[in-house]
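File shown here: structure.txt, holding compact mmCIF, C-alpha atoms and all ligand atoms.
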# COMPACT_ATOMS: atom_id res chain seq x y z
CA MET J 1 1.22 -11.62 -23.25
CA ASN J 2 0.32 -11.44 -19.54
CA ALA J 3 2.23 -10.17 -16.49
CA LYS J 4 2.77 -12.62 -13.65
CA ILE J 5 4.09 -12.09 -10.10
CA ILE J 6 7.05 -14.46 -9.71
CA SER J 7 8.34 -13.30 -6.30
CA THR J 8 7.46 -11.09 -3.34
CA GLY J 9 9.57 -9.50 -0.61
CA SER J 10 9.23 -7.11 2.29
CA TYR J 11 11.07 -5.15 4.94
CA LEU J 12 9.84 -3.58 8.16
CA PRO J 13 12.15 -1.36 10.23
CA GLU J 14 13.25 -2.81 13.55
CA LYS J 15 11.84 -0.15 15.87
CA ILE J 16 8.29 -0.87 17.05
CA LEU J 17 5.80 1.64 18.44
CA THR J 18 3.06 0.00 20.51
CA ASN J 19 -0.36 1.33 21.48
CA SER J 20 0.86 1.71 25.04
CA ASP J 21 3.77 3.84 23.77
CA LEU J 22 1.16 6.07 22.06
CA GLU J 23 -0.81 6.33 25.32
CA LYS J 24 2.20 8.23 26.69
CA MET J 25 2.28 10.61 23.71
CA VAL J 26 -1.38 11.60 23.12
CA ASP J 27 -4.78 11.25 24.81
CA THR J 28 -5.61 7.74 23.56
CA ASN J 29 -5.77 4.19 24.81
CA ASN J 30 -5.05 0.67 23.56
CA GLU J 31 -8.73 -0.33 23.70
CA TRP J 32 -9.85 2.55 21.42
CA ILE J 33 -7.09 1.93 18.90
CA VAL J 34 -7.67 -1.84 18.71
CA GLN J 35 -11.46 -1.53 18.58
CA ARG J 36 -11.56 1.31 16.00
CA THR J 37 -8.62 0.25 13.80
CA GLY J 38 -7.42 -3.27 14.69
CA ILE J 39 -3.86 -1.89 14.91
CA LYS J 40 -1.60 -3.18 17.71
CA VAL J 41 1.87 -2.07 16.62
CA ARG J 42 3.55 -0.12 13.85
CA HIS J 43 7.20 0.00 12.73
CA ILE J 44 9.14 3.27 12.68
CA ALA J 45 12.22 3.91 10.54
CA ASP J 46 15.13 5.24 12.56
CA GLY J 47 18.16 6.29 10.52
CA GLU J 48 16.98 4.56 7.34
CA SER J 49 15.53 6.38 4.31
CA THR J 50 12.54 5.32 2.20
CA SER J 51 14.96 4.06 -0.46
CA ASP J 52 16.78 1.98 2.19
CA LEU J 53 13.50 0.26 3.11
CA ALA J 54 12.64 -0.19 -0.58
CA TYR J 55 16.09 -1.62 -1.35
CA LYS J 56 15.83 -4.18 1.46
CA ALA J 57 12.35 -5.25 0.33
CA ALA J 58 13.56 -5.54 -3.28
CA LEU J 59 16.57 -7.63 -2.20
CA ASP J 60 14.25 -9.98 -0.30
CA ALA J 61 12.15 -10.45 -3.46
CA ILE J 62 14.99 -10.88 -5.97
CA ASN J 63 17.21 -13.09 -3.79
CA LYS J 64 14.43 -15.67 -3.44
CA ILE J 65 14.49 -16.29 -7.19
CA HIS J 66 18.23 -15.58 -7.68
CA LEU J 67 17.37 -12.76 -10.09
CA ASP J 68 20.36 -10.86 -11.48
CA PRO J 69 19.67 -7.11 -10.97
CA LEU J 70 20.99 -6.53 -14.51
CA ASP J 71 17.97 -8.46 -15.84
CA ILE J 72 15.50 -5.92 -14.39
CA ASP J 73 14.05 -3.68 -17.14
CA LEU J 74 11.84 -1.41 -15.01
CA ILE J 75 11.59 -0.23 -11.39
CA ILE J 76 8.47 1.62 -10.28
CA LEU J 77 8.40 2.88 -6.70
CA ALA J 78 5.09 3.98 -5.20
CA THR J 79 5.44 6.44 -2.33
CA VAL J 80 4.13 9.65 -0.79
CA THR J 81 7.26 9.92 1.36
CA PRO J 82 10.16 10.06 -1.11
CA ASP J 83 13.77 10.44 0.03
CA MET J 84 13.59 14.01 -1.37
CA PRO J 85 11.43 15.89 -3.91
CA LEU J 86 14.02 15.37 -6.67
CA PRO J 87 15.30 12.97 -7.99
CA ALA J 88 12.85 10.07 -7.86
CA THR J 89 13.45 7.63 -5.00
CA ALA J 90 13.34 4.75 -7.53
CA LEU J 91 16.72 5.96 -8.85
CA PHE J 92 18.33 5.62 -5.42
CA VAL J 93 16.97 2.07 -5.28
CA GLN J 94 18.31 1.34 -8.77
CA GLU J 95 21.79 2.45 -7.70
CA LYS J 96 21.69 0.42 -4.45
CA LEU J 97 20.62 -2.70 -6.36
CA GLY J 98 23.01 -2.18 -9.27
CA ALA J 99 20.06 -2.55 -11.67
CA LYS J 100 21.92 -0.63 -14.39
CA ASN J 101 19.64 -1.69 -17.27
CA ALA J 102 16.34 -0.57 -15.70
CA PHE J 103 14.43 2.66 -16.30
CA CYS J 104 12.94 3.93 -13.07
CA PHE J 105 10.35 6.36 -11.74
CA ASP J 106 8.10 7.11 -8.76
CA ILE J 107 4.31 7.14 -8.60
CA ASN J 108 2.21 9.09 -6.10
CA ALA J 109 -1.32 7.74 -5.79
CA ALA J 110 -1.26 7.55 -1.97
CA CYS J 111 -2.59 4.24 -0.63
CA SER J 112 -3.41 3.11 -4.20
CA GLY J 113 0.16 3.79 -5.33
CA PHE J 114 1.13 0.13 -5.51
CA MET J 115 -1.94 -0.71 -7.61
CA TYR J 116 -1.31 2.23 -9.96
CA SER J 117 2.32 1.10 -10.35
CA LEU J 118 1.28 -2.50 -10.96
CA SER J 119 -1.11 -1.33 -13.66
CA ILE J 120 1.61 0.69 -15.43
CA ALA J 121 4.07 -2.21 -15.30
CA ASN J 122 1.35 -4.56 -16.55
CA ALA J 123 0.81 -2.29 -19.58
CA TYR J 124 4.55 -2.18 -20.35
CA ILE J 125 4.75 -5.97 -20.16
CA LYS J 126 1.64 -6.46 -22.31
CA SER J 127 3.10 -4.14 -24.93
CA GLY J 128 6.27 -6.24 -25.05
CA THR J 129 8.52 -3.32 -23.99
CA VAL J 130 9.44 -4.82 -20.61
CA LYS J 131 10.15 -8.43 -19.58
CA LYS J 132 10.91 -8.08 -15.86
CA ALA J 133 9.82 -5.30 -13.51
CA LEU J 134 10.15 -4.50 -9.81
CA ILE J 135 7.09 -2.86 -8.30
CA ILE J 136 7.85 -1.45 -4.88
CA GLY J 137 5.64 0.27 -2.31
CA ALA J 138 7.75 2.05 0.33
CA GLU J 139 6.74 4.59 2.93
CA GLU J 140 7.99 6.48 5.95
CA LEU J 141 4.67 7.95 7.00
CA SER J 142 6.17 8.60 10.44
CA LYS J 143 7.94 11.58 8.80
CA ILE J 144 4.66 13.27 7.78
CA THR J 145 2.64 12.22 10.83
CA ASP J 146 1.66 14.83 13.40
CA TRP J 147 2.61 13.09 16.63
CA THR J 148 0.41 15.50 18.59
CA ASP J 149 -2.77 14.60 16.61
CA ARG J 150 -4.42 11.53 18.11
CA SER J 151 -6.86 11.19 15.21
CA THR J 152 -4.05 10.34 12.78
CA CYS J 153 -0.89 9.34 14.68
CA VAL J 154 -2.30 6.02 15.90
CA ILE J 155 -2.95 4.83 12.35
CA PHE J 156 0.22 5.13 10.29
CA GLY J 157 3.47 3.16 10.09
CA ASP J 158 6.61 2.67 7.98
CA GLY J 159 7.57 -0.25 5.75
CA ALA J 160 8.27 -1.47 2.24
CA ALA J 161 7.41 -4.42 0.03
CA CYS J 162 8.13 -5.48 -3.52
CA VAL J 163 6.87 -7.82 -6.22
CA VAL J 164 8.76 -9.06 -9.26
CA LEU J 165 6.60 -9.07 -12.38
CA GLU J 166 7.52 -11.15 -15.42
CA ALA J 167 6.06 -11.60 -18.90
CA THR J 168 4.31 -14.91 -19.57
CA ASP J 169 2.73 -16.36 -22.73
CA ASP J 170 0.02 -18.00 -20.60
CA GLU J 171 -3.02 -15.71 -21.08
CA ASN J 172 -4.89 -17.48 -18.23
CA ARG J 173 -2.30 -16.68 -15.57
CA GLY J 174 -1.05 -13.57 -13.81
CA ILE J 175 -2.90 -10.25 -13.95
CA LEU J 176 -6.26 -11.01 -15.59
CA ASP J 177 -7.62 -7.51 -14.99
CA ILE J 178 -6.48 -4.31 -13.29
CA ARG J 179 -8.45 -1.07 -13.16
CA LEU J 180 -7.92 2.33 -11.56
CA LYS J 181 -10.19 5.22 -10.61
CA SER J 182 -9.72 8.73 -9.23
CA ASP J 183 -11.96 11.58 -8.09
CA GLY J 184 -10.36 15.00 -7.67
CA ALA J 185 -13.53 16.40 -6.10
CA TYR J 186 -12.39 15.03 -2.73
CA THR J 187 -8.83 16.33 -2.40
CA ASN J 188 -9.90 17.86 0.93
CA LEU J 189 -10.34 14.45 2.58
CA MET J 190 -6.66 13.86 3.12
CA ARG J 191 -3.63 15.99 2.33
CA VAL J 192 -0.24 17.22 3.45
CA PRO J 193 -0.68 20.94 2.68
CA ALA J 194 3.00 21.92 2.53
CA PRO J 195 5.71 22.30 1.37
CA GLY J 196 4.63 22.58 -2.26
CA SER J 197 4.00 25.13 -4.98
CA ILE J 198 0.99 26.54 -3.12
CA LYS J 199 2.77 26.91 0.22
CA GLN J 200 6.52 26.81 0.48
CA CYS J 201 8.31 25.95 3.68
CA SER J 202 8.14 28.84 6.15
CA GLU J 203 8.12 29.32 9.89
CA GLU J 204 4.35 29.88 9.73
CA VAL J 205 3.75 26.66 7.78
CA ILE J 206 5.76 24.72 10.35
CA LYS J 207 4.04 26.48 13.28
CA ASN J 208 0.61 25.60 11.81
CA ARG J 209 1.76 21.98 11.44
CA GLU J 210 0.88 22.05 7.74
CA ILE J 211 3.79 19.74 6.92
CA TYR J 212 1.82 16.84 8.41
CA ILE J 213 -1.12 14.67 7.28
CA LYS J 214 -4.56 16.27 7.71
CA MET J 215 -7.39 13.78 7.35
CA LEU J 216 -11.17 13.61 7.59
CA GLY J 217 -11.06 9.99 8.75
CA ASN J 218 -14.75 9.25 9.14
CA GLU J 219 -15.71 10.53 5.66
CA THR J 220 -12.78 8.62 4.14
CA PHE J 221 -13.91 5.45 5.91
CA LYS J 222 -17.46 5.58 4.55
CA MET J 223 -16.44 6.18 0.93
CA SER J 224 -13.74 3.50 1.01
CA VAL J 225 -16.04 0.53 1.62
CA ARG J 226 -18.46 1.47 -1.16
CA HIS J 227 -15.75 2.18 -3.74
CA ILE J 228 -13.66 -0.91 -2.94
CA ALA J 229 -16.73 -3.17 -3.28
CA SER J 230 -17.95 -1.69 -6.56
CA ILE J 231 -14.59 -1.61 -8.37
CA SER J 232 -13.87 -5.17 -7.21
CA GLU J 233 -17.17 -6.37 -8.66
CA GLU J 234 -16.41 -4.62 -11.99
CA SER J 235 -12.95 -6.18 -12.14
CA LEU J 236 -14.22 -9.70 -11.46
CA GLU J 237 -17.12 -9.33 -13.90
CA SER J 238 -14.74 -8.20 -16.65
CA VAL J 239 -13.07 -11.63 -16.59
CA GLY J 240 -16.27 -13.63 -16.09
CA LEU J 241 -15.79 -14.25 -12.36
CA ASN J 242 -17.69 -13.27 -9.22
CA PHE J 243 -17.00 -12.90 -5.51
CA SER J 244 -17.55 -16.64 -4.85
CA ASP J 245 -14.50 -17.37 -7.07
CA VAL J 246 -12.14 -15.32 -4.85
CA ASP J 247 -9.72 -17.54 -2.90
CA CYS J 248 -7.79 -14.67 -1.33
CA MET J 249 -8.53 -10.96 -0.98
CA VAL J 250 -5.62 -8.60 -0.35
CA CYS J 251 -7.18 -5.28 0.54
CA HIS J 252 -5.35 -2.06 1.40
CA GLN J 253 -4.52 -2.41 5.10
CA ALA J 254 -5.90 0.91 6.40
CA ASN J 255 -8.19 -0.25 9.15
CA LYS J 256 -9.45 -3.74 10.08
CA ARG J 257 -13.00 -2.36 10.30
CA ILE J 258 -12.83 -1.25 6.65
CA ILE J 259 -11.70 -4.74 5.56
CA ASP J 260 -14.39 -6.39 7.73
CA ALA J 261 -17.05 -4.11 6.20
CA VAL J 262 -15.86 -4.94 2.66
CA VAL J 263 -15.97 -8.67 3.50
CA ARG J 264 -19.58 -8.32 4.74
CA ARG J 265 -20.60 -6.27 1.71
CA ILE J 266 -19.15 -8.62 -0.92
CA LYS J 267 -20.00 -11.75 1.10
CA ILE J 268 -16.72 -13.64 0.99
CA PRO J 269 -15.60 -15.87 3.90
CA ALA J 270 -13.73 -13.73 6.46
CA GLU J 271 -10.79 -16.17 6.41
CA ASN J 272 -10.23 -15.39 2.71
CA ALA J 273 -9.28 -11.79 3.55
CA VAL J 274 -5.63 -11.18 4.44
CA ILE J 275 -5.20 -9.07 7.58
CA THR J 276 -1.80 -7.62 8.49
CA VAL J 277 -2.80 -4.11 9.58
CA ASP J 278 -2.58 -5.20 13.25
CA ARG J 279 1.19 -5.69 12.83
CA HIS J 280 2.20 -2.60 10.80
CA GLY J 281 -0.66 -0.09 10.71
CA ASN J 282 -1.53 1.80 7.54
CA THR J 283 1.66 1.93 5.44
CA ALA J 284 -0.05 3.54 2.38
CA ALA J 285 1.60 2.31 -0.84
CA ALA J 286 3.45 -0.46 1.01
CA SER J 287 0.38 -2.02 2.56
CA ILE J 288 -0.92 -4.27 -0.26
CA PRO J 289 2.49 -5.76 -1.17
CA LEU J 290 3.27 -6.22 2.56
CA ALA J 291 0.02 -8.17 2.99
CA LEU J 292 0.63 -10.09 -0.24
CA ASP J 293 4.15 -11.03 0.82
CA TRP J 294 2.90 -12.18 4.21
CA ALA J 295 0.19 -14.33 2.58
CA ASN J 296 2.73 -15.77 0.13
CA LYS J 297 5.29 -16.57 2.87
CA ASN J 298 2.67 -18.12 5.11
CA GLY J 299 1.18 -20.49 2.55
CA LYS J 300 -2.12 -18.63 2.22
CA ILE J 301 -1.88 -18.61 -1.61
CA LYS J 302 -1.71 -21.72 -3.80
CA GLU J 303 -1.02 -22.07 -7.51
CA ASP J 304 -4.14 -21.33 -9.59
CA ASP J 305 -5.81 -19.39 -6.75
CA ILE J 306 -7.87 -16.36 -7.75
CA LEU J 307 -6.62 -13.27 -5.89
CA LEU J 308 -8.55 -10.04 -5.58
CA LEU J 309 -6.39 -7.00 -4.78
CA ASN J 310 -8.16 -3.76 -3.94
CA SER J 311 -7.20 -0.35 -2.62
CA PHE J 312 -8.45 3.04 -1.59
CA GLY J 313 -6.38 6.15 -1.00
CA ALA J 314 -6.11 9.91 -0.89
CA SER J 315 -7.86 11.78 -2.24
CA LEU J 316 -9.44 9.92 -3.94
CA THR J 317 -7.82 7.04 -5.76
CA TRP J 318 -9.10 3.47 -5.83
CA ALA J 319 -8.24 0.32 -7.73
CA ALA J 320 -8.83 -3.41 -8.08
CA SER J 321 -7.12 -6.32 -9.78
CA VAL J 322 -7.93 -9.97 -10.39
CA ILE J 323 -4.92 -12.27 -10.53
CA ARG J 324 -4.62 -16.00 -11.17
CA TRP J 325 -1.59 -17.06 -9.09
N1 LIG V 401 -8.01 7.82 20.80
C1 LIG V 401 -9.15 8.03 21.45
N2 LIG V 401 -10.20 8.70 20.91
C2 LIG V 401 -10.05 9.16 19.66
C3 LIG V 401 -8.87 8.97 18.91
C4 LIG V 401 -7.83 8.27 19.54
N3 LIG V 401 -6.66 8.02 18.91
N4 LIG V 401 -9.04 9.53 17.71
C5 LIG V 401 -10.27 10.06 17.67
N5 LIG V 401 -10.89 9.84 18.86
C6 LIG V 401 -12.25 10.22 19.24
C7 LIG V 401 -12.78 11.38 18.45
O1 LIG V 401 -12.36 12.59 19.01
C8 LIG V 401 -14.27 11.17 18.58
O2 LIG V 401 -14.67 11.63 19.85
P1 LIG V 401 -16.12 12.34 20.05
O3 LIG V 401 -17.13 11.29 19.67
O4 LIG V 401 -16.11 12.70 21.49
O5 LIG V 401 -16.12 13.50 19.12
C9 LIG V 401 -14.41 9.66 18.57
O6 LIG V 401 -13.12 9.14 18.93
C10 LIG V 401 -14.85 9.07 17.24
O7 LIG V 401 -14.06 9.67 16.21
P2 LIG V 401 -14.24 9.25 14.70
O8 LIG V 401 -13.27 10.03 13.88
O9 LIG V 401 -15.70 9.31 14.33
O10 LIG V 401 -13.78 7.71 14.78
P3 LIG V 401 -13.85 6.59 13.68
O11 LIG V 401 -14.60 5.44 14.18
O12 LIG V 401 -14.21 7.14 12.31
O13 LIG V 401 -12.32 6.14 13.61
C11 LIG V 401 -10.45 6.42 12.14
C12 LIG V 401 -11.33 7.05 13.21
C13 LIG V 401 -9.48 7.47 11.65
C14 LIG V 401 -9.71 5.26 12.77
C15 LIG V 401 -11.33 5.90 10.95
O14 LIG V 401 -12.22 6.89 10.56
C16 LIG V 401 -10.51 5.47 9.76
O15 LIG V 401 -9.75 4.52 9.82
N6 LIG V 401 -10.72 6.13 8.63
C17 LIG V 401 -10.04 5.81 7.39
C18 LIG V 401 -8.72 6.49 7.41
C19 LIG V 401 -7.84 6.04 6.31
O16 LIG V 401 -7.79 4.88 5.99
N7 LIG V 401 -7.10 6.98 5.75
C20 LIG V 401 -6.13 6.72 4.77
C21 LIG V 401 -6.68 6.68 3.40
S1 LIG V 401 -6.66 5.04 2.90
For this file, write the structure as structure tokens.
Amino acid sequence: MNAKIISTGSYLPEKILTNSDLEKMVDTNNEWIVQRTGIKVRHIADGESTSDLAYKAALDAINKIHLDPLDIDLIILATVTPDMPLPATALFVQEKLGAKNAFCFDINAACSGFMYSLSIANAYIKSGTVKKALIIGAEELSKITDWTDRSTCVIFGDGAACVVLEATDDENRGILDIRLKSDGAYTNLMRVPAPGSIKQCSEEVIKNREIYIKMLGNETFKMSVRHIASISEESLESVGLNFSDVDCMVCHQANKRIIDAVVRRIKIPAENAVITVDRHGNTAAASIPLALDWANKNGKIKEDDILLLNSFGASLTWAASVIRW
């Protein structure tokens, strides 16, 4: 039994924040942002929760294939910006969709959250426990972004995207391999220090801006390229393929320079790499399904194509998957 993606969907909030808007907020400029990140605009949720974005992305995916929400067995929602600490945001999405027969939970693996969720759903499908699953990446990073810190606020955005995964008897189709890695030695590279069990919410925590993302961007950048390339090679090798077989690479959309560096390192044609980071910034767990949905909607993926999905996230998580579409 294999797991196959049978639909994709996405939702980006209406409000757009441009680089020139950011020029008025912090000491930055459009040229620096475009040159260092490739980002031109990001979307910002205004009055919508993470589960609202996730619900709209899920509807987009299920409506395309006229899927009855009652036929969904599993909903996994990847996020670092849940509606609230408890209960899981996936349950709010279940209720909004009316997916009464699904069991639902959230996954936090930062920018690799979608890949971790896909891997879990793949295992459930392979075991025969689940027939249809929704895998959603949804984020409101604007809520944990320090809008006074120019080194981070230019990068992040809000959005959500979803794939529908279904069991298939065809062993040569769908997810051929998916693999995950983590390294807890680098939890200092990126974190939101509070509120949590170490530091609860207090006036001091708020004053020190510890409720926002702290990131060592340059160190993260360097490790990302190396890790993405090596795990991608392992994943392809495991199914007897190599980089020249890749028709379409959907990399985590953190920074166009990271994707360009991966493309150079693994030597695939630049046009085979999907780029959407310019239009929504780094949306963490939502970024790979957003890019995948864009590629799917815009005819960049054909039946039988070999897709390489790869991610890198805090702190540290990384993953790769080889899919025959
Ligand atoms: N506008 C203008 N200048 C800025 C700036 C901004 N928004 N942010 C930082 N700078 C300055 C720095 O202060 C530094 O100035 P200095 O040389 O005078 O000290 C200079 O630009 C270079 O900073 P640096 O951090 O080395 O830039 P960079 O090329 O590494 O780009 C990131 C910064 C954050 C865009 C890049 O490191 C990155 O994308 N990292 C990965 C982050 C990521 O993906 N995190 C999520 C995990 S997936």
Taking only C-alpha atoms and all ligand atoms and a cut-off of 6 Å, can you tell me which residues surround ligand LIG 401 (chain V), written as a compact mmCIF listing (two decimals) with C-alpha atoms, in the coordinates of the input?
# COMPACT_ATOMS: atom_id res chain seq x y z
CA THR J 28 -5.61 7.74 23.56
CA ASN J 29 -5.77 4.19 24.81
CA TRP J 32 -9.85 2.55 21.42
CA ARG J 36 -11.56 1.31 16.00
CA THR J 37 -8.62 0.25 13.80
CA CYS J 111 -2.59 4.24 -0.63
CA ARG J 150 -4.42 11.53 18.11
CA SER J 151 -6.86 11.19 15.21
CA VAL J 154 -2.30 6.02 15.90
CA GLY J 217 -11.06 9.99 8.75
CA ASN J 218 -14.75 9.25 9.14
CA THR J 220 -12.78 8.62 4.14
CA PHE J 221 -13.91 5.45 5.91
CA ALA J 254 -5.90 0.91 6.40
CA ASN J 255 -8.19 -0.25 9.15
CA PHE J 312 -8.45 3.04 -1.59
CA GLY J 313 -6.38 6.15 -1.00
CA ALA J 314 -6.11 9.91 -0.89
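Omitting Asn188 (chain J) and its sequence neighbours fewer than 6 positions away, and counting only C-alpha atoms, the residues within 12 Å are J:Ile213, J:Lys214, J:Met215, J:Leu216, J:Gly217, J:Glu219, J:Thr220, J:Ala314, J:Ser315, J:Leu316.
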Within 7 Å of region 161-172 of chain J, counting only C-alpha atoms, which residues qualify if same-chain residues fewer than 6 places away don't, as a short mmCIF file (atom, residue, chain, number, x, y, z; two decimals) with C-alpha atoms, in the frame of the given file?
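Saved result, result-v2.cif, follows:
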data_model
loop_
_atom_site.label_atom_id
_atom_site.label_comp_id
_atom_site.auth_asym_id
_atom_site.auth_seq_id
_atom_site.Cartn_x
_atom_site.Cartn_y
_atom_site.Cartn_z
CA MET J 1 1.22 -11.62 -23.25
CA ASN J 2 0.32 -11.44 -19.54
CA ALA J 3 2.23 -10.17 -16.49
CA LYS J 4 2.77 -12.62 -13.65
CA ILE J 5 4.09 -12.09 -10.10
CA ILE J 6 7.05 -14.46 -9.71
CA SER J 7 8.34 -13.30 -6.30
CA THR J 8 7.46 -11.09 -3.34
CA GLY J 9 9.57 -9.50 -0.61
CA SER J 10 9.23 -7.11 2.29
CA TYR J 11 11.07 -5.15 4.94
CA ALA J 54 12.64 -0.19 -0.58
CA ALA J 57 12.35 -5.25 0.33
CA ALA J 58 13.56 -5.54 -3.28
CA ALA J 61 12.15 -10.45 -3.46
CA ILE J 125 4.75 -5.97 -20.16
CA LYS J 131 10.15 -8.43 -19.58
CA LYS J 132 10.91 -8.08 -15.86
CA ALA J 133 9.82 -5.30 -13.51
CA LEU J 134 10.15 -4.50 -9.81
CA ILE J 135 7.09 -2.86 -8.30
CA ILE J 136 7.85 -1.45 -4.88
CA GLY J 137 5.64 0.27 -2.31
CA ALA J 138 7.75 2.05 0.33
CA ALA J 286 3.45 -0.46 1.01
CA PRO J 289 2.49 -5.76 -1.17
CA LEU J 290 3.27 -6.22 2.56
#
Surrounding residues of Cys248 (chain J) excluding itself and chain neighbours under 4 positions, 9 Å, only C-alpha atoms, as a PyMOL selection string: chain J and resi 271-274+295+300-301+305-309
List the neighbours of Ser142 (chain J) out to 7 Å using only C-alpha atoms; skip same-chain residues closer than 5 positions along the sequence, and give me the result as a ChimeraX atom specification. /J:44,156-158
In the coordinates of the file, take the point (-14.5, -0.9, -0.6) and a cut-off of 7 Å; then, counting all atoms listed in the file, name each qualifying protein, DNA or RNA residue as a VMD selection string. chain J and resid 224 to 230 262
CA of Gly113 (chain J) to CA of Met84 (chain J), straight-line distance in Å: 17.3 Å
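Minimum atom-to-atom distances from J:Pro85, J:Ser112, J:Thr148, J:Ala45 to Lys24 (chain J) were compared using all atoms listed in the file, and the lowest value belongs to J:Thr148.
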From (-0.2, 3.3, 20.5), in the file's coordinates, out to 9 Å: which residues are reached, counting only C-alpha atoms? Answer as an MDAnalysis selection string. chainID J and resid 17:26 28:30 33 39:42 153:155
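Minimum atom-to-atom distance to Pro13 (chain J), evaluated using only C-alpha atoms, belongs to J:Gly159 out of J:Leu74, J:Ile120, J:Arg265, J:Gly159.
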Could region 131-142 of chain J be completed with N, CA and C atoms and written as a JSON list (two decimals), keeping the file's coordinate frame, please?
[["chain", "number", "residue", "atom", "x", "y", "z"],
["J", 131, "LYS", "N", 10.29, -6.99, -19.90],
["J", 131, "LYS", "CA", 10.15, -8.43, -19.58],
["J", 131, "LYS", "C", 10.07, -8.66, -18.08],
["J", 132, "LYS", "N", 10.91, -7.91, -17.33],
["J", 132, "LYS", "CA", 10.91, -8.08, -15.86],
["J", 132, "LYS", "C", 10.86, -6.71, -15.19],
["J", 133, "ALA", "N", 9.97, -6.59, -14.21],
["J", 133, "ALA", "CA", 9.82, -5.30, -13.51],
["J", 133, "ALA", "C", 9.77, -5.51, -12.01],
["J", 134, "LEU", "N", 10.32, -4.54, -11.27],
["J", 134, "LEU", "CA", 10.15, -4.50, -9.81],
["J", 134, "LEU", "C", 9.12, -3.44, -9.50],
["J", 135, "ILE", "N", 8.09, -3.83, -8.76],
["J", 135, "ILE", "CA", 7.09, -2.86, -8.30],
["J", 135, "ILE", "C", 7.23, -2.80, -6.79],
["J", 136, "ILE", "N", 7.56, -1.61, -6.31],
["J", 136, "ILE", "CA", 7.85, -1.45, -4.88],
["J", 136, "ILE", "C", 6.88, -0.41, -4.28],
["J", 137, "GLY", "N", 6.35, -0.73, -3.12],
["J", 137, "GLY", "CA", 5.64, 0.27, -2.31],
["J", 137, "GLY", "C", 6.49, 0.52, -1.08],
["J", 138, "ALA", "N", 6.87, 1.77, -0.82],
["J", 138, "ALA", "CA", 7.75, 2.05, 0.33],
["J", 138, "ALA", "C", 7.34, 3.37, 0.95],
["J", 139, "GLU", "N", 7.21, 3.37, 2.26],
["J", 139, "GLU", "CA", 6.74, 4.59, 2.93],
["J", 139, "GLU", "C", 7.41, 4.80, 4.29],
["J", 140, "GLU", "N", 7.65, 6.08, 4.59],
["J", 140, "GLU", "CA", 7.99, 6.48, 5.95],
["J", 140, "GLU", "C", 6.96, 7.52, 6.38],
["J", 141, "LEU", "N", 5.75, 7.03, 6.63],
["J", 141, "LEU", "CA", 4.67, 7.95, 7.00],
["J", 141, "LEU", "C", 4.95, 8.61, 8.34],
["J", 142, "SER", "N", 5.82, 7.99, 9.14],
["J", 142, "SER", "CA", 6.17, 8.60, 10.44],
["J", 142, "SER", "C", 6.74, 10.01, 10.25]]
